[in-house]
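Structure file final_2.cif; described as mmCIF, C-alpha atoms and all ligand atoms.
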```
data_my_file
#
loop_
_atom_site.group_PDB
_atom_site.id
_atom_site.type_symbol
_atom_site.label_atom_id
_atom_site.label_comp_id
_atom_site.auth_asym_id
_atom_site.auth_seq_id
_atom_site.Cartn_x
_atom_site.Cartn_y
_atom_site.Cartn_z
ATOM 1 C CA MET A 1 127.584 95.817 92.051
ATOM 2 C CA ASN A 2 125.072 98.528 92.892
ATOM 3 C CA ARG A 3 124.530 97.759 96.573
ATOM 4 C CA GLN A 4 122.913 100.056 99.147
ATOM 5 C CA GLY A 5 124.820 100.621 102.356
ATOM 6 C CA VAL A 6 123.618 99.162 105.649
ATOM 7 C CA LEU A 7 122.078 101.548 108.170
ATOM 8 C CA THR A 8 122.946 100.810 111.800
ATOM 9 C CA VAL A 9 121.549 102.573 114.828
ATOM 10 C CA VAL A 10 123.569 102.402 118.026
ATOM 11 C CA SER A 11 121.991 103.429 121.319
ATOM 12 C CA GLY A 12 122.805 102.891 124.958
ATOM 13 C CA PHE A 13 122.420 104.510 128.351
ATOM 14 C CA SER A 14 124.286 107.732 128.874
ATOM 15 C CA GLY A 15 127.610 106.550 130.331
ATOM 16 C CA ALA A 16 127.544 103.211 128.478
ATOM 17 C CA GLY A 17 130.706 104.226 126.650
ATOM 18 C CA LYS A 18 129.074 104.572 123.210
ATOM 19 C CA GLY A 19 131.245 107.555 122.313
ATOM 20 C CA SER A 20 134.532 105.699 122.896
ATOM 21 C CA VAL A 21 133.234 102.578 121.154
ATOM 22 C CA MET A 22 132.216 104.636 118.110
ATOM 23 C CA LYS A 23 135.578 106.407 117.985
ATOM 24 C CA SER A 24 137.437 103.107 118.034
ATOM 25 C CA LEU A 25 135.101 101.504 115.486
ATOM 26 C CA LEU A 26 135.520 104.384 113.024
ATOM 27 C CA LYS A 27 139.271 104.453 113.456
ATOM 28 C CA LYS A 28 139.542 100.767 112.613
ATOM 29 C CA TYR A 29 136.814 100.283 110.003
ATOM 30 C CA ASN A 30 135.259 102.197 107.164
ATOM 31 C CA TYR A 31 131.891 103.401 108.428
ATOM 32 C CA GLU A 32 130.205 106.775 108.041
ATOM 33 C CA LEU A 33 128.978 108.299 111.294
ATOM 34 C CA SER A 34 126.104 110.711 110.843
ATOM 35 C CA ILE A 35 126.598 114.028 112.651
ATOM 36 C CA SER A 36 123.468 115.067 114.507
ATOM 37 C CA ALA A 37 122.029 118.493 115.121
ATOM 38 C CA THR A 38 121.488 119.506 118.741
ATOM 39 C CA THR A 39 120.452 122.462 120.868
ATOM 40 C CA ARG A 40 122.712 121.428 123.758
ATOM 41 C CA THR A 41 125.785 123.563 124.480
ATOM 42 C CA PRO A 42 129.146 122.130 123.344
ATOM 43 C CA ARG A 43 131.256 120.365 125.980
ATOM 44 C CA THR A 44 134.906 121.376 126.284
ATOM 45 C CA GLY A 45 136.756 120.178 123.217
ATOM 46 C CA GLU A 46 133.649 119.646 121.087
ATOM 47 C CA GLU A 47 133.469 121.406 117.727
ATOM 48 C CA HIS A 48 130.589 122.514 115.527
ATOM 49 C CA GLY A 49 130.342 120.135 112.572
ATOM 50 C CA ARG A 50 132.528 117.453 114.193
ATOM 51 C CA GLU A 51 130.679 116.082 117.261
ATOM 52 C CA TYR A 52 127.409 117.865 116.465
ATOM 53 C CA PHE A 53 125.921 120.749 114.564
ATOM 54 C CA PHE A 54 125.243 122.984 117.558
ATOM 55 C CA LEU A 55 122.095 124.983 116.784
ATOM 56 C CA THR A 56 119.795 127.444 118.494
ATOM 57 C CA ARG A 57 116.248 126.280 119.189
ATOM 58 C CA GLU A 58 115.043 128.476 116.313
ATOM 59 C CA GLU A 59 117.519 126.930 113.884
ATOM 60 C CA PHE A 60 116.566 123.434 115.049
ATOM 61 C CA GLN A 61 112.863 124.231 114.659
ATOM 62 C CA GLY A 62 113.646 125.458 111.134
ATOM 63 C CA MET A 63 115.083 122.037 110.246
ATOM 64 C CA ILE A 64 111.976 120.309 111.632
ATOM 65 C CA ASP A 65 109.676 122.630 109.665
ATOM 66 C CA LYS A 66 111.586 122.022 106.429
ATOM 67 C CA HIS A 67 111.501 118.235 106.973
ATOM 68 C CA GLU A 68 115.276 118.114 106.981
ATOM 69 C CA LEU A 69 115.477 115.581 109.828
ATOM 70 C CA ILE A 70 114.877 111.816 109.648
ATOM 71 C CA GLU A 71 113.934 111.897 113.299
ATOM 72 C CA TRP A 72 114.327 114.137 116.303
ATOM 73 C CA ALA A 73 113.799 113.770 120.041
ATOM 74 C CA GLU A 74 114.062 115.689 123.277
ATOM 75 C CA TYR A 75 116.670 114.375 125.675
ATOM 76 C CA VAL A 76 117.224 115.848 129.150
ATOM 77 C CA GLY A 77 115.993 119.294 128.119
ATOM 78 C CA ASN A 78 117.637 119.536 124.685
ATOM 79 C CA TYR A 79 116.720 118.592 121.146
ATOM 80 C CA TYR A 80 118.706 116.163 119.034
ATOM 81 C CA GLY A 81 118.023 115.157 115.419
ATOM 82 C CA THR A 82 119.444 113.265 112.441
ATOM 83 C CA PRO A 83 119.902 115.247 109.209
ATOM 84 C CA LYS A 84 118.239 113.472 106.294
ATOM 85 C CA ASN A 85 120.420 114.473 103.336
ATOM 86 C CA TYR A 86 123.716 113.078 104.528
ATOM 87 C CA VAL A 87 122.301 109.688 105.532
ATOM 88 C CA ASN A 88 120.380 109.131 102.288
ATOM 89 C CA LYS A 89 123.324 110.209 100.139
ATOM 90 C CA GLN A 90 125.795 107.886 101.884
ATOM 91 C CA LEU A 91 123.444 104.886 101.834
ATOM 92 C CA LYS A 92 122.718 105.366 98.130
ATOM 93 C CA SER A 93 126.411 105.460 97.330
ATOM 94 C CA GLY A 94 126.828 102.088 99.087
ATOM 95 C CA LYS A 95 128.401 103.344 102.334
ATOM 96 C CA ASP A 96 127.471 101.826 105.692
ATOM 97 C CA VAL A 97 126.072 104.542 107.925
ATOM 98 C CA ILE A 98 125.925 104.554 111.712
ATOM 99 C CA LEU A 99 123.610 106.707 113.787
ATOM 100 C CA GLU A 100 124.477 107.091 117.452
ATOM 101 C CA ILE A 101 121.139 108.218 118.858
ATOM 102 C CA GLU A 102 118.811 107.667 121.793
ATOM 103 C CA ILE A 103 115.903 105.248 121.960
ATOM 104 C CA GLN A 104 112.924 107.310 120.781
ATOM 105 C CA GLY A 105 114.870 108.326 117.687
ATOM 106 C CA ALA A 106 116.048 104.761 117.076
ATOM 107 C CA LEU A 107 112.491 103.476 117.020
ATOM 108 C CA LYS A 108 111.450 106.222 114.599
ATOM 109 C CA VAL A 109 114.338 105.284 112.292
ATOM 110 C CA LYS A 110 113.229 101.633 112.334
ATOM 111 C CA GLU A 111 109.753 102.704 111.152
ATOM 112 C CA GLN A 112 111.253 104.518 108.163
ATOM 113 C CA PHE A 113 114.085 102.055 107.479
ATOM 114 C CA PRO A 114 112.754 98.589 108.421
ATOM 115 C CA ASN A 115 116.062 96.976 107.405
ATOM 116 C CA ALA A 116 118.101 99.142 109.782
ATOM 117 C CA ILE A 117 119.989 97.213 112.473
ATOM 118 C CA LEU A 118 119.307 98.390 116.021
ATOM 119 C CA ILE A 119 122.166 97.763 118.442
ATOM 120 C CA PHE A 120 121.991 98.548 122.151
ATOM 121 C CA ILE A 121 125.278 98.988 124.041
ATOM 122 C CA THR A 122 125.242 98.579 127.806
ATOM 123 C CA PRO A 123 127.708 98.149 130.655
ATOM 124 C CA PRO A 124 127.296 94.757 132.344
ATOM 125 C CA THR A 125 125.977 96.220 135.624
ATOM 126 C CA THR A 126 124.140 99.265 136.963
ATOM 127 C CA GLU A 127 127.013 99.935 139.375
ATOM 128 C CA GLU A 128 129.398 100.237 136.454
ATOM 129 C CA LEU A 129 127.019 102.579 134.669
ATOM 130 C CA LYS A 130 126.872 104.858 137.730
ATOM 131 C CA SER A 131 130.602 104.942 138.263
ATOM 132 C CA ARG A 132 131.259 105.701 134.584
ATOM 133 C CA LEU A 133 128.797 108.600 134.604
ATOM 134 C CA ILE A 134 130.370 110.064 137.727
ATOM 135 C CA GLY A 135 133.933 109.352 136.561
ATOM 136 C CA ARG A 136 133.374 111.078 133.219
ATOM 137 C CA GLY A 137 133.137 114.391 135.084
ATOM 138 C CA THR A 138 131.480 116.253 132.212
ATOM 139 C CA GLU A 139 128.146 116.877 133.949
ATOM 140 C CA GLY A 140 127.056 118.207 137.324
ATOM 141 C CA ILE A 141 125.336 115.930 139.836
ATOM 142 C CA ASP A 142 121.835 117.071 138.780
ATOM 143 C CA LYS A 143 122.440 116.205 135.124
ATOM 144 C CA ILE A 144 123.917 112.828 136.154
ATOM 145 C CA LYS A 145 120.780 112.086 138.173
ATOM 146 C CA GLN A 146 118.595 113.063 135.203
ATOM 147 C CA ARG A 147 120.603 110.801 132.927
ATOM 148 C CA LEU A 148 120.197 107.883 135.368
ATOM 149 C CA GLN A 149 116.469 108.524 135.591
ATOM 150 C CA ARG A 150 116.378 108.542 131.824
ATOM 151 C CA ALA A 151 118.202 105.174 131.786
ATOM 152 C CA ALA A 152 115.478 103.768 134.067
ATOM 153 C CA ASP A 153 112.892 104.825 131.455
ATOM 154 C CA GLU A 154 114.939 103.609 128.514
ATOM 155 C CA VAL A 155 115.573 100.122 129.910
ATOM 156 C CA ILE A 156 111.964 99.213 129.088
ATOM 157 C CA HIS A 157 112.690 99.488 125.365
ATOM 158 C CA MET A 158 115.801 97.304 125.256
ATOM 159 C CA ASP A 159 113.611 94.510 123.871
ATOM 160 C CA ASP A 160 112.891 96.542 120.752
ATOM 161 C CA TYR A 161 116.532 96.350 119.662
ATOM 162 C CA ASP A 162 117.907 93.627 117.390
ATOM 163 C CA TYR A 163 121.149 93.167 119.351
ATOM 164 C CA ILE A 164 122.423 93.800 122.883
ATOM 165 C CA VAL A 165 126.187 94.287 123.072
ATOM 166 C CA LEU A 166 128.030 94.491 126.397
ATOM 167 C CA ASN A 167 130.738 97.093 126.800
ATOM 168 C CA LYS A 168 132.824 95.638 129.624
ATOM 169 C CA THR A 169 135.327 97.892 131.352
ATOM 170 C CA GLY A 170 138.737 97.554 129.691
ATOM 171 C CA LYS A 171 137.297 95.431 126.846
ATOM 172 C CA ILE A 172 136.344 98.101 124.379
ATOM 173 C CA ASP A 173 137.923 96.205 121.461
ATOM 174 C CA GLU A 174 135.623 93.241 122.095
ATOM 175 C CA CYS A 175 132.623 95.540 121.824
ATOM 176 C CA VAL A 176 133.989 97.138 118.638
ATOM 177 C CA GLU A 177 134.600 93.757 116.965
ATOM 178 C CA THR A 178 131.135 92.497 117.892
ATOM 179 C CA ILE A 179 129.488 95.525 116.296
ATOM 180 C CA HIS A 180 131.649 95.183 113.195
ATOM 181 C CA TYR A 181 130.692 91.497 112.820
ATOM 182 C CA ILE A 182 127.004 92.266 113.209
ATOM 183 C CA ILE A 183 127.150 94.845 110.410
ATOM 184 C CA GLN A 184 129.266 92.666 108.119
ATOM 185 C CA ASN A 185 126.893 89.766 108.707
ATOM 186 C CA GLU A 186 124.071 91.977 107.465
ATOM 187 C CA HIS A 187 125.862 92.319 104.126
ATOM 188 C CA CYS A 188 125.470 88.559 103.612
ATOM 189 C CA LYS A 189 121.690 88.596 104.025
ATOM 190 C CA THR A 190 119.797 87.730 100.839
ATOM 191 C CA ILE A 191 117.707 90.882 101.185
ATOM 192 C CA ASN A 192 120.874 92.957 100.827
ATOM 193 C CA ASN A 193 122.092 91.015 97.796
ATOM 194 C CA LYS A 194 119.127 91.209 95.446
ATOM 195 C CA ASN A 195 121.162 92.720 92.584
ATOM 196 C CA PHE A 196 123.849 90.090 92.882
ATOM 197 C CA ILE A 197 121.287 87.261 92.994
ATOM 198 C CA ASN A 198 119.491 88.604 89.909
ATOM 199 C CA LYS A 199 122.746 88.939 87.996
ATOM 200 C CA ILE A 200 123.999 85.422 88.719
ATOM 201 C CA GLN A 201 120.538 83.943 88.072
ATOM 202 C CA ASP A 202 120.432 85.657 84.663
ATOM 203 C CA GLU A 203 123.945 84.536 83.797
ATOM 204 C CA LEU A 204 123.345 80.912 84.695
ATOM 205 C CA LYS A 205 119.933 80.791 83.004
ATOM 206 C CA ALA A 206 121.574 82.078 79.806
ATOM 207 C CA ASN A 207 124.131 79.320 80.209
ATOM 208 C CA LYS A 208 121.593 76.476 80.477
ATOM 209 C CA GLU A 209 123.440 74.330 77.905
ATOM 210 C CA GLY A 210 126.388 74.224 80.285
ATOM 211 C CA ASP A 211 128.626 76.106 77.856
ATOM 212 C CA LEU A 212 132.200 76.391 78.982
HETATM 213 P P1 LIG A 301 125.005 113.728 124.551
HETATM 214 O O1 LIG A 301 124.405 115.000 125.097
HETATM 215 O O2 LIG A 301 125.561 112.865 125.657
HETATM 216 O O3 LIG A 301 125.992 113.979 123.450
HETATM 217 O O4 LIG A 301 123.814 112.899 123.887
HETATM 218 C C1 LIG A 301 122.658 112.639 124.623
HETATM 219 C C2 LIG A 301 121.852 111.568 123.928
HETATM 220 O O5 LIG A 301 121.364 112.046 122.677
HETATM 221 C C3 LIG A 301 122.659 110.308 123.605
HETATM 222 O O6 LIG A 301 121.888 109.180 124.007
HETATM 223 C C4 LIG A 301 122.813 110.343 122.120
HETATM 224 O O7 LIG A 301 122.885 109.047 121.571
HETATM 225 C C5 LIG A 301 121.522 111.035 121.707
HETATM 226 N N1 LIG A 301 121.568 111.628 120.380
HETATM 227 C C6 LIG A 301 122.613 112.174 119.726
HETATM 228 N N2 LIG A 301 122.253 112.563 118.508
HETATM 229 C C7 LIG A 301 120.945 112.250 118.342
HETATM 230 C C8 LIG A 301 120.003 112.384 117.269
HETATM 231 O O8 LIG A 301 120.292 112.858 116.170
HETATM 232 N N3 LIG A 301 118.749 111.934 117.502
HETATM 233 C C9 LIG A 301 118.366 111.375 118.670
HETATM 234 N N4 LIG A 301 117.120 110.944 118.775
HETATM 235 N N5 LIG A 301 119.229 111.226 119.683
HETATM 236 C C10 LIG A 301 120.497 111.657 119.538
#
```
Now, as a test, write the supplied structure out as structure tokens.
Ligand code: 5GP
Amino acid sequence: MNRQGVLTVVSGFSGAGKGSVMKSLLKKYNYELSISATTRTPRTGEEHGREYFFLTREEFQGMIDKHELIEWAEYVGNYYGTPKNYVNKQLKSGKDVILEIEIQGALKVKEQFPNAILIFITPPTTEELKSRLIGRGTEGIDKIKQRLQRAADEVIHMDDYDYIVLNKTGKIDECVETIHYIIQNEHCKTINNKNFINKIQDELKANKEGDL
């Protein structure tokens, strides 16, 4: 059956644990995670082409100019964007694609792909969010403050998402399963089964006499 893949956008406050949830989800299930382009410097252990395509501002601007990005946004002083080619190719071949991007980008994706599922991951409390950001130890105090300020701006747009999924401390598997169910559920929607419906309608119409 020639079925398009489902496009899912996952967002959440910085420190919500999206990265760990995504890692676990991809390890367990067969989803394609799009690798974004960014102008931010790699963190220790990050590799070009694995976590991100780490680009200069000029290179990033080149991608914008050539319309090679589905969307792009500025986040805490750096640019981030989703390469178009990879996503379209995977969806066409029937693969389910996940974008792990921030809110402005997510809303732009929804404009271009109205059937995309928007999932927002959040810790259950603000206190937990703060302690995770501090505990992660990858950013200095100024960057942490900026990321918290950004969360205060982002919270306004939570309503624009289709699903809110809690990532409770120590319960990462629960979060992973919930996301997996949401995506699988999408496969059952009539809108995603048009080819199948047409085929079975044709077959049964041709078999009106009840031939066995
Ligand atoms: P980080 O610097 O922590 O890796 O990412 C910062 C933020 O940028 C996160 O909220 C992440 O989801 C978002 N982000 C990563 N890639 C993209 C992208 O391609 N587009 C947009 N709009 N946001 C992205």
Kindly assemble as a Markdown table a list of the chain A residues that lie within 8 Å of ligand LIG 301 (chain A), each paired with its nearest atom pair and their distance in Å to one decimal, using all atoms listed in the file, sorted first by chain and then by ascending residue number.
```
| residue | atom | partner | partner_atom | distance |
| --- | --- | --- | --- | --- |
| A:Val10 | CA | A:LIG301 | O7 | 7.6 |
| A:Ser11 | CA | A:LIG301 | O7 | 5.7 |
| A:Gly12 | CA | A:LIG301 | O6 | 6.4 |
| A:Phe13 | CA | A:LIG301 | O6 | 6.4 |
| A:Ser14 | CA | A:LIG301 | O6 | 5.6 |
| A:Lys18 | CA | A:LIG301 | O7 | 7.8 |
| A:Ile35 | CA | A:LIG301 | O8 | 7.3 |
| A:Ser36 | CA | A:LIG301 | O8 | 4.2 |
| A:Ala37 | CA | A:LIG301 | O8 | 6.0 |
| A:Thr38 | CA | A:LIG301 | N2 | 7.0 |
| A:Arg40 | CA | A:LIG301 | O1 | 6.8 |
| A:Tyr52 | CA | A:LIG301 | N2 | 7.7 |
| A:Glu71 | CA | A:LIG301 | N3 | 6.4 |
| A:Trp72 | CA | A:LIG301 | N4 | 4.9 |
| A:Ala73 | CA | A:LIG301 | N4 | 4.5 |
| A:Glu74 | CA | A:LIG301 | N4 | 7.2 |
| A:Tyr75 | CA | A:LIG301 | O5 | 6.0 |
| A:Val76 | CA | A:LIG301 | C1 | 7.8 |
| A:Tyr79 | CA | A:LIG301 | C9 | 7.8 |
| A:Tyr80 | CA | A:LIG301 | C8 | 4.4 |
| A:Gly81 | CA | A:LIG301 | O8 | 3.3 |
| A:Thr82 | CA | A:LIG301 | O8 | 3.8 |
| A:Pro83 | CA | A:LIG301 | O8 | 7.4 |
| A:Leu99 | CA | A:LIG301 | O8 | 7.4 |
| A:Glu100 | CA | A:LIG301 | O7 | 4.8 |
| A:Ile101 | CA | A:LIG301 | O7 | 3.3 |
| A:Glu102 | CA | A:LIG301 | O6 | 4.1 |
| A:Ile103 | CA | A:LIG301 | N4 | 6.6 |
| A:Gln104 | CA | A:LIG301 | N4 | 5.9 |
| A:Gly105 | CA | A:LIG301 | N4 | 3.6 |
| A:Ala106 | CA | A:LIG301 | N4 | 6.5 |
```
Translate the PyMOL selection byres (((chain A and resi 34) around 12) and not hetatm) into a concrete residue list for this structure, as a PyMOL selection string. chain A and resi 7-10+22+26+31-33+35-37+49-53+69-70+81-91+95-101
For atom CA of Ile179 of chain A and atom CA of Ser24 of chain A, determine how far apart the two atoms are, in Å to one decimal place. 11.1 Å
Write out as a list in words the residues lying within 10 Å of segment 15-17 of chain A, counting all atoms listed in the file and excluding same-chain residues fewer than 3 positions away.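 The filter keeps Ser11, Gly12, Ser20, Val21, Met22, Phe120, Ile121, Thr122, Pro123, Pro124, Thr126, Glu128, Leu129, Lys130, Ser131, Arg132, Leu133, Ile134, Gly135, Arg136, Ile144, Arg147, Leu148, Ala151, Leu166, Asn167, Lys168, Thr169 and Ile172 of chain A.
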Tell me which of A:Lys171, A:Tyr181, A:Gln112, A:Thr39 sits closest to Gly77 of chain A, counting all atoms listed in the file.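 Checking each candidate against Gly77 of chain A, we get A:Thr39 as the closest.
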Applied to the shown file, which residues does the PyMOL selection byres (((chain A and resi 57) around 9) and not hetatm) return, written as a list in words?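 That expression, the PyMOL selection byres (((chain A and resi 57) around 9) and not hetatm), corresponds here to Thr38, Thr39, Leu55, Thr56, Glu58, Glu59, Phe60, Gln61, Gly62, Asn78 and Tyr79 of chain A.
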Rounded to one decimal, what separation in Å do you get between atom CA of Met63 of chain A and atom CA of Leu118 of chain A?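 Atom CA of Met63 of chain A sits 24.7 Å away from atom CA of Leu118 of chain A.
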Which polymer residues have any atom within 10 Å of an atom of segment 188-200 of chain A, counting all atoms listed in the file, with same-chain residues fewer than 3 positions away left out, as a list in words?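 The neighbour list is Met1, Asn2, Arg3, Gln4, Gly5, Val6, Asn115, Ile183, Gln184, Asn185, Glu203, Leu204, Lys205 and Ala206 of chain A.
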Work out how far atom CA of Asp142 of chain A is from atom CA of His157 of chain A, in Å to one decimal.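 Between these atoms lies a distance of 23.9 Å.
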Which residue is closest to Leu107 of chain A? Choose from A:Phe54, A:Gly45, A:Tyr161, A:Gly19 and count all atoms listed in the file.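 The shortest atom-to-atom distance to Leu107 of chain A comes from A:Tyr161.
For the set A:Gln146, A:Asn207, A:Leu25, A:Glu186, the residue with the smallest atom-to-atom gap to Glu174 of chain A is A:Leu25, counting all atoms listed in the file.
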